[in-house]
$ cat coords07.cif   # mmCIF, C-alpha atoms; chains and numbers go by the auth columns
data_final
loop_
_atom_site.group_PDB
_atom_site.id
_atom_site.type_symbol
_atom_site.label_atom_id
_atom_site.label_comp_id
_atom_site.label_asym_id
_atom_site.label_seq_id
_atom_site.Cartn_x
_atom_site.Cartn_y
_atom_site.Cartn_z
_atom_site.B_iso_or_equiv
_atom_site.auth_seq_id
_atom_site.auth_asym_id
ATOM 1 C CA HIS A 1 0.000 0.000 0.000 0.00 1 A
ATOM 2 C CA TRP A 2 1.186 3.508 -0.829 0.00 2 A
ATOM 3 C CA CYS A 3 0.759 4.711 2.803 0.00 3 A
ATOM 4 C CA PRO A 4 3.245 2.813 5.033 0.00 4 A
ATOM 5 C CA PRO A 5 1.823 4.158 8.357 0.00 5 A
ATOM 6 C CA CYS A 6 -1.656 3.009 7.270 0.00 6 A
ATOM 7 C CA LYS A 7 -0.314 -0.401 6.341 0.00 7 A
ATOM 8 C CA VAL A 8 1.172 -0.759 9.833 0.00 8 A
ATOM 9 C CA PHE A 9 -1.820 0.648 11.717 0.00 9 A
ATOM 10 C CA THR A 10 -4.718 -1.051 9.927 0.00 10 A
ATOM 11 C CA PRO A 11 -4.015 -4.649 11.088 0.00 11 A
ATOM 12 C CA LYS A 12 -3.639 -3.409 14.687 0.00 12 A
ATOM 13 C CA LEU A 13 -6.915 -1.504 14.422 0.00 13 A
ATOM 14 C CA ALA A 14 -8.642 -4.568 12.985 0.00 14 A
ATOM 15 C CA GLU A 15 -7.622 -6.652 15.988 0.00 15 A
ATOM 16 C CA THR A 16 -8.835 -3.985 18.424 0.00 16 A
ATOM 17 C CA TYR A 17 -12.044 -3.589 16.424 0.00 17 A
ATOM 18 C CA LYS A 18 -12.832 -7.312 16.705 0.00 18 A
ATOM 19 C CA LYS A 19 -12.316 -7.218 20.469 0.00 19 A
ATOM 20 C CA ILE A 20 -14.585 -4.208 20.921 0.00 20 A
ATOM 21 C CA VAL A 21 -17.445 -5.469 18.728 0.00 21 A
ATOM 22 C CA ALA A 22 -17.313 -8.804 20.569 0.00 22 A
ATOM 23 C CA LYS A 23 -18.253 -6.928 23.739 0.00 23 A
ATOM 24 C CA ARG A 24 -20.674 -4.287 22.459 0.00 24 A
ATOM 25 C CA SER A 25 -23.030 -3.696 19.536 0.00 25 A
ATOM 26 C CA ASP A 26 -22.974 0.115 19.449 0.00 26 A
ATOM 27 C CA PHE A 27 -19.603 0.490 17.743 0.00 27 A
ATOM 28 C CA GLU A 28 -18.706 0.733 14.075 0.00 28 A
ATOM 29 C CA ILE A 29 -15.869 2.112 11.978 0.00 29 A
ATOM 30 C CA VAL A 30 -16.365 3.942 8.693 0.00 30 A
ATOM 31 C CA LEU A 31 -13.308 4.200 6.462 0.00 31 A
ATOM 32 C CA VAL A 32 -12.745 7.501 4.666 0.00 32 A
ATOM 33 C CA SER A 33 -10.270 6.517 1.996 0.00 33 A
ATOM 34 C CA SER A 34 -7.484 8.671 0.601 0.00 34 A
ATOM 35 C CA ASP A 35 -6.672 6.183 -2.161 0.00 35 A
ATOM 36 C CA HIS A 36 -6.069 7.744 -5.562 0.00 36 A
ATOM 37 C CA GLU A 37 -7.503 4.935 -7.681 0.00 37 A
ATOM 38 C CA GLU A 38 -10.594 2.815 -7.142 0.00 38 A
ATOM 39 C CA ALA A 39 -8.593 -0.370 -7.723 0.00 39 A
ATOM 40 C CA GLU A 40 -6.276 0.621 -4.847 0.00 40 A
ATOM 41 C CA PHE A 41 -9.283 1.253 -2.640 0.00 41 A
ATOM 42 C CA LYS A 42 -10.965 -2.078 -3.455 0.00 42 A
ATOM 43 C CA GLU A 43 -7.779 -4.045 -2.829 0.00 43 A
ATOM 44 C CA TYR A 44 -7.080 -2.350 0.506 0.00 44 A
ATOM 45 C CA PHE A 45 -10.657 -2.174 1.778 0.00 45 A
ATOM 46 C CA GLY A 46 -11.278 -5.788 0.816 0.00 46 A
ATOM 47 C CA GLY A 47 -9.384 -6.968 3.879 0.00 47 A
ATOM 48 C CA MET A 48 -11.155 -4.689 6.365 0.00 48 A
ATOM 49 C CA PRO A 49 -14.023 -5.796 8.653 0.00 49 A
ATOM 50 C CA TRP A 50 -15.814 -2.427 8.793 0.00 50 A
ATOM 51 C CA LEU A 51 -17.753 -0.005 6.595 0.00 51 A
ATOM 52 C CA SER A 52 -16.566 2.678 4.184 0.00 52 A
ATOM 53 C CA LEU A 53 -17.604 5.951 2.634 0.00 53 A
ATOM 54 C CA PRO A 54 -18.124 5.181 -1.082 0.00 54 A
ATOM 55 C CA PHE A 55 -14.986 5.701 -3.129 0.00 55 A
ATOM 56 C CA GLY A 56 -15.216 8.890 -5.171 0.00 56 A
ATOM 57 C CA ASN A 57 -17.334 10.774 -2.621 0.00 57 A
ATOM 58 C CA LYS A 58 -14.875 13.651 -2.574 0.00 58 A
ATOM 59 C CA ASP A 59 -17.332 16.159 -1.124 0.00 59 A
ATOM 60 C CA GLY A 60 -18.066 13.881 1.817 0.00 60 A
ATOM 61 C CA LYS A 61 -14.380 13.209 2.376 0.00 61 A
ATOM 62 C CA ASP A 62 -13.505 16.905 2.245 0.00 62 A
ATOM 63 C CA GLU A 63 -16.328 17.793 4.632 0.00 63 A
ATOM 64 C CA LEU A 64 -15.223 15.182 7.176 0.00 64 A
ATOM 65 C CA ASN A 65 -11.561 16.169 6.893 0.00 65 A
ATOM 66 C CA ALA A 66 -12.470 19.785 7.536 0.00 66 A
ATOM 67 C CA ARG A 67 -14.820 18.995 10.415 0.00 67 A
ATOM 68 C CA PHE A 68 -12.263 16.895 12.251 0.00 68 A
ATOM 69 C CA GLU A 69 -9.228 18.939 11.132 0.00 69 A
ATOM 70 C CA VAL A 70 -7.493 15.925 9.617 0.00 70 A
ATOM 71 C CA GLU A 71 -3.952 16.833 8.671 0.00 71 A
ATOM 72 C CA GLY A 72 -2.408 13.409 8.157 0.00 72 A
ATOM 73 C CA ILE A 73 -3.267 9.743 7.834 0.00 73 A
ATOM 74 C CA PRO A 74 -4.060 7.430 9.386 0.00 74 A
ATOM 75 C CA THR A 75 -6.379 9.366 11.690 0.00 75 A
ATOM 76 C CA LEU A 76 -8.981 7.700 13.907 0.00 76 A
ATOM 77 C CA VAL A 77 -11.827 9.803 15.317 0.00 77 A
ATOM 78 C CA ILE A 78 -14.325 8.546 17.901 0.00 78 A
ATOM 79 C CA ILE A 79 -17.818 10.052 17.784 0.00 79 A
ATOM 80 C CA GLY A 80 -20.356 9.518 20.557 0.00 80 A
ATOM 81 C CA PRO A 81 -24.015 8.535 20.096 0.00 81 A
ATOM 82 C CA ASP A 82 -24.937 12.203 20.427 0.00 82 A
ATOM 83 C CA GLY A 83 -22.823 13.060 17.388 0.00 83 A
ATOM 84 C CA LYS A 84 -20.227 14.908 19.435 0.00 84 A
ATOM 85 C CA THR A 85 -16.534 14.200 19.023 0.00 85 A
ATOM 86 C CA ILE A 86 -15.029 12.209 21.881 0.00 86 A
ATOM 87 C CA THR A 87 -11.458 12.208 20.604 0.00 87 A
ATOM 88 C CA THR A 88 -9.511 12.804 17.399 0.00 88 A
ATOM 89 C CA GLU A 89 -6.489 11.016 18.889 0.00 89 A
ATOM 90 C CA ALA A 90 -7.834 7.461 18.891 0.00 90 A
ATOM 91 C CA ARG A 91 -4.932 6.241 16.776 0.00 91 A
ATOM 92 C CA ASP A 92 -2.628 6.689 19.767 0.00 92 A
ATOM 93 C CA ALA A 93 -5.267 5.104 22.018 0.00 93 A
ATOM 94 C CA VAL A 94 -5.322 1.920 19.921 0.00 94 A
ATOM 95 C CA GLY A 95 -1.556 1.630 20.302 0.00 95 A
ATOM 96 C CA ALA A 96 -1.705 2.133 24.054 0.00 96 A
ATOM 97 C CA ASP A 97 -4.858 0.069 24.649 0.00 97 A
ATOM 98 C CA PRO A 98 -5.052 -2.680 21.990 0.00 98 A
ATOM 99 C CA GLU A 99 -7.601 -4.631 24.039 0.00 99 A
ATOM 100 C CA GLY A 100 -9.989 -1.674 23.947 0.00 100 A
ATOM 101 C CA ALA A 101 -10.407 -1.843 27.730 0.00 101 A
ATOM 102 C CA ASP A 102 -10.760 1.950 28.022 0.00 102 A
ATOM 103 C CA PHE A 103 -12.875 2.446 24.888 0.00 103 A
ATOM 104 C CA PRO A 104 -14.225 4.990 23.898 0.00 104 A
ATOM 105 C CA TRP A 105 -10.994 6.559 25.076 0.00 105 A
ATOM 106 C CA VAL A 106 -12.429 9.733 26.568 0.00 106 A
ATOM 107 C CA PRO A 107 -9.439 12.103 26.896 0.00 107 A
ATOM 108 C CA LYS A 108 -8.112 12.578 30.407 0.00 108 A
ATOM 109 C CA LEU A 109 -6.868 15.897 31.701 0.00 109 A
ATOM 110 C CA VAL A 110 -3.490 14.269 32.373 0.00 110 A
ATOM 111 C CA GLU A 111 -2.351 11.511 30.012 0.00 111 A
ATOM 112 C CA ASP A 112 0.653 9.245 29.759 0.00 112 A
ATOM 113 C CA VAL A 113 2.914 10.757 27.117 0.00 113 A
ATOM 114 C CA GLU A 114 2.938 7.370 25.337 0.00 114 A
ATOM 115 C CA ASN A 115 -0.721 8.016 24.440 0.00 115 A
ATOM 116 C CA LYS A 116 -0.023 11.481 23.020 0.00 116 A
ATOM 117 C CA GLY A 117 2.503 10.823 20.285 0.00 117 A
ATOM 118 C CA GLY A 118 0.432 12.461 17.559 0.00 118 A
ATOM 119 C CA GLN A 119 -0.791 15.398 19.622 0.00 119 A
ATOM 120 C CA LEU A 120 2.732 16.362 20.701 0.00 120 A
ATOM 121 C CA ASN A 121 3.309 17.465 17.115 0.00 121 A
ATOM 122 C CA GLU A 122 0.267 19.737 17.226 0.00 122 A
ATOM 123 C CA THR A 123 0.009 21.161 20.747 0.00 123 A
ATOM 124 C CA THR A 124 2.393 22.579 23.337 0.00 124 A
ATOM 125 C CA ALA A 125 2.841 20.041 26.143 0.00 125 A
ATOM 126 C CA LEU A 126 3.927 20.076 29.760 0.00 126 A
ATOM 127 C CA VAL A 127 5.575 16.734 30.562 0.00 127 A
ATOM 128 C CA ALA A 128 6.439 15.488 34.047 0.00 128 A
ATOM 129 C CA PHE A 129 9.122 12.782 33.874 0.00 129 A
ATOM 130 C CA CYS A 130 8.346 10.403 36.749 0.00 130 A
ATOM 131 C CA GLU A 131 10.076 7.217 35.624 0.00 131 A
ATOM 132 C CA GLY A 132 12.324 7.064 38.674 0.00 132 A
ATOM 133 C CA VAL A 133 9.863 7.760 41.492 0.00 133 A
ATOM 134 C CA LYS A 134 7.508 5.610 43.564 0.00 134 A
ATOM 135 C CA SER A 135 3.928 4.993 42.422 0.00 135 A
ATOM 136 C CA GLU A 136 2.478 6.957 45.355 0.00 136 A
ATOM 137 C CA ASP A 137 4.565 9.957 44.337 0.00 137 A
ATOM 138 C CA VAL A 138 3.402 9.585 40.747 0.00 138 A
ATOM 139 C CA ASP A 139 -0.192 9.756 42.006 0.00 139 A
ATOM 140 C CA LYS A 140 0.565 13.002 43.861 0.00 140 A
ATOM 141 C CA ILE A 141 2.129 14.482 40.736 0.00 141 A
ATOM 142 C CA LYS A 142 -0.888 13.476 38.648 0.00 142 A
ATOM 143 C CA THR A 143 -3.204 15.106 41.191 0.00 143 A
ATOM 144 C CA ALA A 144 -1.242 18.366 41.073 0.00 144 A
ATOM 145 C CA LEU A 145 -1.135 18.349 37.266 0.00 145 A
ATOM 146 C CA THR A 146 -4.865 17.611 37.090 0.00 146 A
ATOM 147 C CA GLN A 147 -5.604 20.697 39.178 0.00 147 A
ATOM 148 C CA GLU A 148 -3.499 22.823 36.835 0.00 148 A
ATOM 149 C CA ALA A 149 -5.131 21.237 33.783 0.00 149 A
ATOM 150 C CA GLU A 150 -8.598 21.968 35.168 0.00 150 A
ATOM 151 C CA GLU A 151 -7.711 25.626 35.651 0.00 151 A
ATOM 152 C CA ALA A 152 -6.273 25.839 32.132 0.00 152 A
ATOM 153 C CA LEU A 153 -9.405 24.230 30.679 0.00 153 A
ATOM 154 C CA LYS A 154 -11.713 26.596 32.572 0.00 154 A
ATOM 155 C CA ALA A 155 -9.735 29.591 31.313 0.00 155 A
ATOM 156 C CA ALA A 156 -9.907 28.328 27.736 0.00 156 A
ATOM 157 C CA GLU A 157 -13.645 27.683 27.956 0.00 157 A
ATOM 158 C CA ALA A 158 -14.231 31.145 29.440 0.00 158 A
ATOM 159 C CA ALA A 159 -12.374 32.647 26.505 0.00 159 A
ATOM 160 C CA GLU A 160 -14.264 30.345 24.096 0.00 160 A
ATOM 161 C CA GLU A 161 -10.966 28.941 22.884 0.00 161 A
ATOM 162 C CA ASP A 162 -9.365 25.521 22.655 0.00 162 A
ATOM 163 C CA ALA A 163 -6.894 24.636 25.380 0.00 163 A
ATOM 164 C CA ASP A 164 -3.399 25.408 24.100 0.00 164 A
ATOM 165 C CA LEU A 165 -1.494 23.180 26.529 0.00 165 A
ATOM 166 C CA ILE A 166 -1.734 19.461 27.236 0.00 166 A
ATOM 167 C CA PHE A 167 -0.493 17.841 30.439 0.00 167 A
ATOM 168 C CA CYS A 168 1.397 14.549 30.353 0.00 168 A
ATOM 169 C CA THR A 169 3.413 12.221 32.531 0.00 169 A
ATOM 170 C CA SER A 170 6.224 9.930 31.466 0.00 170 A
ATOM 171 C CA ILE A 171 6.170 6.897 33.750 0.00 171 A
ATOM 172 C CA ASN A 172 7.497 3.898 31.851 0.00 172 A
ATOM 173 C CA LYS A 173 11.293 3.702 31.656 0.00 173 A
ATOM 174 C CA GLU A 174 10.890 1.639 28.478 0.00 174 A
ATOM 175 C CA GLY A 175 8.440 4.057 26.882 0.00 175 A
ATOM 176 C CA ARG A 176 9.481 5.004 23.362 0.00 176 A
ATOM 177 C CA ILE A 177 7.917 8.464 23.207 0.00 177 A
ATOM 178 C CA GLY A 178 8.969 9.397 26.732 0.00 178 A
ATOM 179 C CA ALA A 179 12.555 8.442 25.912 0.00 179 A
ATOM 180 C CA GLN A 180 12.473 10.525 22.726 0.00 180 A
ATOM 181 C CA VAL A 181 11.125 13.587 24.538 0.00 181 A
ATOM 182 C CA ARG A 182 13.640 13.122 27.357 0.00 182 A
ATOM 183 C CA GLN A 183 16.461 13.018 24.820 0.00 183 A
ATOM 184 C CA LEU A 184 15.102 16.015 22.904 0.00 184 A
ATOM 185 C CA CYS A 185 15.042 18.047 26.115 0.00 185 A
ATOM 186 C CA GLY A 186 18.568 16.950 27.037 0.00 186 A
ATOM 187 C CA LEU A 187 17.496 15.373 30.326 0.00 187 A
ATOM 188 C CA GLY A 188 19.845 12.404 30.199 0.00 188 A
ATOM 189 C CA GLU A 189 19.203 9.111 31.967 0.00 189 A
ATOM 190 C CA VAL A 190 16.405 8.451 34.469 0.00 190 A
ATOM 191 C CA GLU A 191 17.486 9.230 38.040 0.00 191 A
ATOM 192 C CA VAL A 192 15.954 7.359 40.956 0.00 192 A
ATOM 193 C CA GLY A 193 13.764 9.580 43.127 0.00 193 A
ATOM 194 C CA LYS A 194 13.994 12.598 40.824 0.00 194 A
ATOM 195 C CA VAL A 195 11.196 14.252 38.866 0.00 195 A
ATOM 196 C CA ARG A 196 11.961 16.530 35.937 0.00 196 A
ATOM 197 C CA MET A 197 9.489 18.767 34.134 0.00 197 A
ATOM 198 C CA ALA A 198 9.630 20.305 30.691 0.00 198 A
ATOM 199 C CA ILE A 199 7.425 22.341 28.389 0.00 199 A
ATOM 200 C CA LEU A 200 7.767 21.158 24.813 0.00 200 A
ATOM 201 C CA ASP A 201 6.688 23.285 21.860 0.00 201 A
ATOM 202 C CA ILE A 202 7.116 21.150 18.752 0.00 202 A
ATOM 203 C CA PRO A 203 4.343 22.903 16.735 0.00 203 A
ATOM 204 C CA GLY A 204 5.972 26.265 17.401 0.00 204 A
ATOM 205 C CA ASP A 205 9.688 26.352 16.858 0.00 205 A
ATOM 206 C CA GLY A 206 10.451 22.982 18.395 0.00 206 A
ATOM 207 C CA GLY A 207 11.765 24.679 21.506 0.00 207 A
ATOM 208 C CA TYR A 208 11.549 23.478 25.071 0.00 208 A
ATOM 209 C CA TYR A 209 11.960 24.742 28.611 0.00 209 A
ATOM 210 C CA VAL A 210 13.214 22.506 31.407 0.00 210 A
ATOM 211 C CA TYR A 211 12.299 23.358 34.994 0.00 211 A
ATOM 212 C CA GLY A 212 15.523 23.760 36.922 0.00 212 A
ATOM 213 C CA GLY A 213 14.206 23.235 40.423 0.00 213 A
ATOM 214 C CA GLU A 214 15.014 20.248 42.584 0.00 214 A
ATOM 215 C CA GLU A 215 11.671 19.933 44.398 0.00 215 A
#

$ encode --input "coords07.cif" --output "structure tokens"
Amino acid sequence: HWCPPCKVFTPKLAETYKKIVAKRSDFEIVLVSSDHEEAEFKEYFGGMPWLSLPFGNKDGKDELNARFEVEGIPTLVIIGPDGKTITTEARDAVGADPEGADFPWVPKLVEDVENKGGQLNETTALVAFCEGVKSEDVDKIKTALTQEAEEALKAAEAAEEDADLIFCTSINKEGRIGAQVRQLCGLGEVEVGKVRMAILDIPGDGGYYVYGGEE
């Protein structure tokens, strides 16, 4: 297939899809294809267990892309029964939760950075690196970040704007995205008992700010 990321993601999504539909009947996927030729579409869609927008429905495709601000593929959007968008970041959710245990993946105010790979490229992020601390301390950090995230969300809603900062933790020492962000910010190896915090602005100029405090 001409889209390597789609070729990698689709089989994973199919496995998660089967697990979700085995447990509930109110879930369906509708493919919105970006294939250039109908033969490409038929070959690729032929192996999928879900529905599809008819090939050639360019107006429908363009309308959906605009509504959900699709900038790259594959993108997976979850829509609730009321027609409201639950999340446009479900691609990351499938990777982090292949069993679909947390479906429909309602966004949390504070997420593990491993679940935010795509959004880090689009939104400024505050990341707390907690890989070397005890679980009870991680919980305290999450509580503090949640309070800050709630205040930021209230301010954005009052201004009738989208929140311009996401809050994340990096907990897993083996986490791929956390390790990449740690390296990008020049934080070095994980230190036992030490929490580091950084603000990462990839969509801006790719800059970052690392908190220099020790507490």

$ atom_distance --input "coords07.cif" --atom1 "atom CA of A:Lys58" --atom2 "atom CA of A:Gly83"
21.5 Å

$ residues_around --input "coords07.cif" --residues "A:Pro5" --least-positions-apart "2" --cutoff "8 Å" --atoms "only C-alpha atoms" --output "list in words"
Cys3, Lys7, Val8, Phe9, Ile73 and Pro74 of chain A

$ write_last_selection --input "coords07.cif" --atoms "C-alpha atoms" --output "PDB file, keeping the file's coordinate frame"
ATOM      1  CA  CYS A   3       0.759   4.711   2.803  1.00  0.00           C
ATOM      2  CA  LYS A   7      -0.314  -0.401   6.341  1.00  0.00           C
ATOM      3  CA  VAL A   8       1.172  -0.759   9.833  1.00  0.00           C
ATOM      4  CA  PHE A   9      -1.820   0.648  11.717  1.00  0.00           C
ATOM      5  CA  ILE A  73      -3.267   9.743   7.834  1.00  0.00           C
ATOM      6  CA  PRO A  74      -4.060   7.430   9.386  1.00  0.00           C
TER       7      PRO A  74
END

$ residues_around --input "coords07.cif" --residues "A:Gly132" --least-positions-apart "6" --cutoff "9 Å" --atoms "all atoms listed in the file" --output "NGL selection string"
:A and (171-173 or 190-195)

$ write_last_selection --input "coords07.cif" --atoms "C-alpha atoms" --output "mmCIF file, keeping the file's coordinate frame"
data_model
loop_
_atom_site.group_PDB
_atom_site.id
_atom_site.type_symbol
_atom_site.label_atom_id
_atom_site.label_comp_id
_atom_site.auth_asym_id
_atom_site.auth_seq_id
_atom_site.Cartn_x
_atom_site.Cartn_y
_atom_site.Cartn_z
ATOM 1 C CA ILE A 171 6.170 6.897 33.750
ATOM 2 C CA ASN A 172 7.497 3.898 31.851
ATOM 3 C CA LYS A 173 11.293 3.702 31.656
ATOM 4 C CA VAL A 190 16.405 8.451 34.469
ATOM 5 C CA GLU A 191 17.486 9.230 38.040
ATOM 6 C CA VAL A 192 15.954 7.359 40.956
ATOM 7 C CA GLY A 193 13.764 9.580 43.127
ATOM 8 C CA LYS A 194 13.994 12.598 40.824
ATOM 9 C CA VAL A 195 11.196 14.252 38.866
#

$ resolve_selection --input "coords07.cif" --expression "the PyMOL selection byres ((chain A and resi 199-205) around 6)" --output "MDAnalysis selection string"
chainID A and resid 121:122 124:126 198 206:209

$ residues_near_point --input "coords07.cif" --point "(-12.6, 11.6, -3.8)" --cutoff "10 Å" --atoms "all atoms listed in the file" --output "PyMOL selection string"
chain A and resi 32-38+53-62

$ resolve_selection --input "coords07.cif" --expression "the PyMOL selection byres ((chain A and resi 127) around 10)" --output "ChimeraX atom specification"
/A:110-113,124-126,128-130,145,166-170,178,181-182,196-200,210

$ atom_distance --input "coords07.cif" --atom1 "atom CA of A:Val106" --atom2 "atom CA of A:Leu184"
28.5 Å

$ resolve_selection --input "coords07.cif" --expression "the PyMOL selection byres ((chain A and resi 23-27) around 12)" --output "ChimeraX atom specification"
/A:16-22,28-30,50-51,78-81,99-101,103-104

$ residues_around --input "coords07.cif" --residues "A:Val94" --least-positions-apart "3" --cutoff "8 Å" --atoms "only C-alpha atoms" --output "ChimeraX atom specification"
/A:12-13,16,90-91,97-98,100

$ residues_near_point --input "coords07.cif" --point "(-11.3, 10.1, 11.7)" --cutoff "7 Å" --atoms "all atoms listed in the file" --output "count of residues only"
5

$ atom_distance --input "coords07.cif" --atom1 "atom CA of A:Leu31" --atom2 "atom CA of A:Lys108"
25.9 Å

$ closest_residue --input "coords07.cif" --among "A:Gly95, A:Gly117, A:Met48, A:Ile86" --to "A:Ala179" --atoms "all atoms listed in the file"
A:Gly117

$ closest_residue --input "coords07.cif" --among "A:Cys6, A:Ala39, A:Ala96, A:Leu109" --to "A:Arg176" --atoms "only C-alpha atoms"
A:Ala96

$ closest_residue --input "coords07.cif" --among "A:Trp2, A:Gln119, A:Glu174, A:Val70" --to "A:Glu40" --atoms "only C-alpha atoms"
A:Trp2

$ closest_residue --input "coords07.cif" --among "A:Gln147, A:Ile141, A:His1, A:Thr85" --to "A:Tyr44" --atoms "all atoms listed in the file"
A:His1

$ closest_residue --input "coords07.cif" --among "A:Thr123, A:Thr143, A:Asn65, A:Gln180" --to "A:Leu165" --atoms "only C-alpha atoms"
A:Thr123

$ build_atoms --input "coords07.cif" --residues "stretch 97-104 of chain A" --atoms "all heavy atoms" --output "compact mmCIF listing (two decimals), keeping the file's coordinate frame"
# COMPACT_ATOMS: atom_id res chain seq x y z
N ASP A 97 -3.82 0.92 24.07
CA ASP A 97 -4.86 0.07 24.65
C ASP A 97 -5.41 -0.87 23.57
O ASP A 97 -6.57 -0.77 23.17
CB ASP A 97 -5.98 0.95 25.22
CG ASP A 97 -7.13 0.15 25.81
OD1 ASP A 97 -6.87 -0.96 26.31
OD2 ASP A 97 -8.28 0.64 25.76
N PRO A 98 -4.61 -1.81 23.09
CA PRO A 98 -5.05 -2.68 21.99
C PRO A 98 -6.23 -3.58 22.34
O PRO A 98 -6.94 -4.05 21.44
CB PRO A 98 -3.80 -3.51 21.67
CG PRO A 98 -2.97 -3.45 22.91
CD PRO A 98 -3.22 -2.10 23.49
N GLU A 99 -6.46 -3.82 23.63
CA GLU A 99 -7.60 -4.63 24.04
C GLU A 99 -8.90 -3.84 24.04
O GLU A 99 -9.99 -4.41 24.16
CB GLU A 99 -7.36 -5.21 25.44
CG GLU A 99 -6.14 -6.12 25.54
CD GLU A 99 -6.29 -7.36 24.68
OE1 GLU A 99 -7.41 -7.93 24.66
OE2 GLU A 99 -5.31 -7.75 24.03
N GLY A 100 -8.79 -2.51 23.93
CA GLY A 100 -9.99 -1.67 23.95
C GLY A 100 -10.63 -1.58 25.31
O GLY A 100 -11.82 -1.26 25.44
N ALA A 101 -9.86 -1.84 26.37
CA ALA A 101 -10.41 -1.84 27.73
C ALA A 101 -10.95 -0.48 28.13
O ALA A 101 -11.93 -0.40 28.88
CB ALA A 101 -9.33 -2.29 28.71
N ASP A 102 -10.34 0.60 27.64
CA ASP A 102 -10.76 1.95 28.02
C ASP A 102 -11.60 2.63 26.95
O ASP A 102 -11.84 3.84 27.02
CB ASP A 102 -9.54 2.82 28.33
CG ASP A 102 -8.80 2.36 29.58
OD1 ASP A 102 -9.46 1.81 30.48
OD2 ASP A 102 -7.57 2.53 29.64
N PHE A 103 -12.02 1.87 25.93
CA PHE A 103 -12.88 2.45 24.89
C PHE A 103 -14.13 3.05 25.52
O PHE A 103 -14.68 2.46 26.45
CB PHE A 103 -13.28 1.34 23.89
CG PHE A 103 -14.18 1.82 22.81
CD1 PHE A 103 -13.67 2.43 21.69
CD2 PHE A 103 -15.57 1.68 22.92
CE1 PHE A 103 -14.50 2.90 20.69
CE2 PHE A 103 -16.41 2.14 21.93
CZ PHE A 103 -15.87 2.76 20.82
N PRO A 104 -14.55 4.25 25.12
CA PRO A 104 -14.22 4.99 23.90
C PRO A 104 -13.08 6.00 24.02
O PRO A 104 -13.02 6.96 23.25
CB PRO A 104 -15.53 5.69 23.56
CG PRO A 104 -16.12 6.00 24.91
CD PRO A 104 -15.75 4.82 25.78
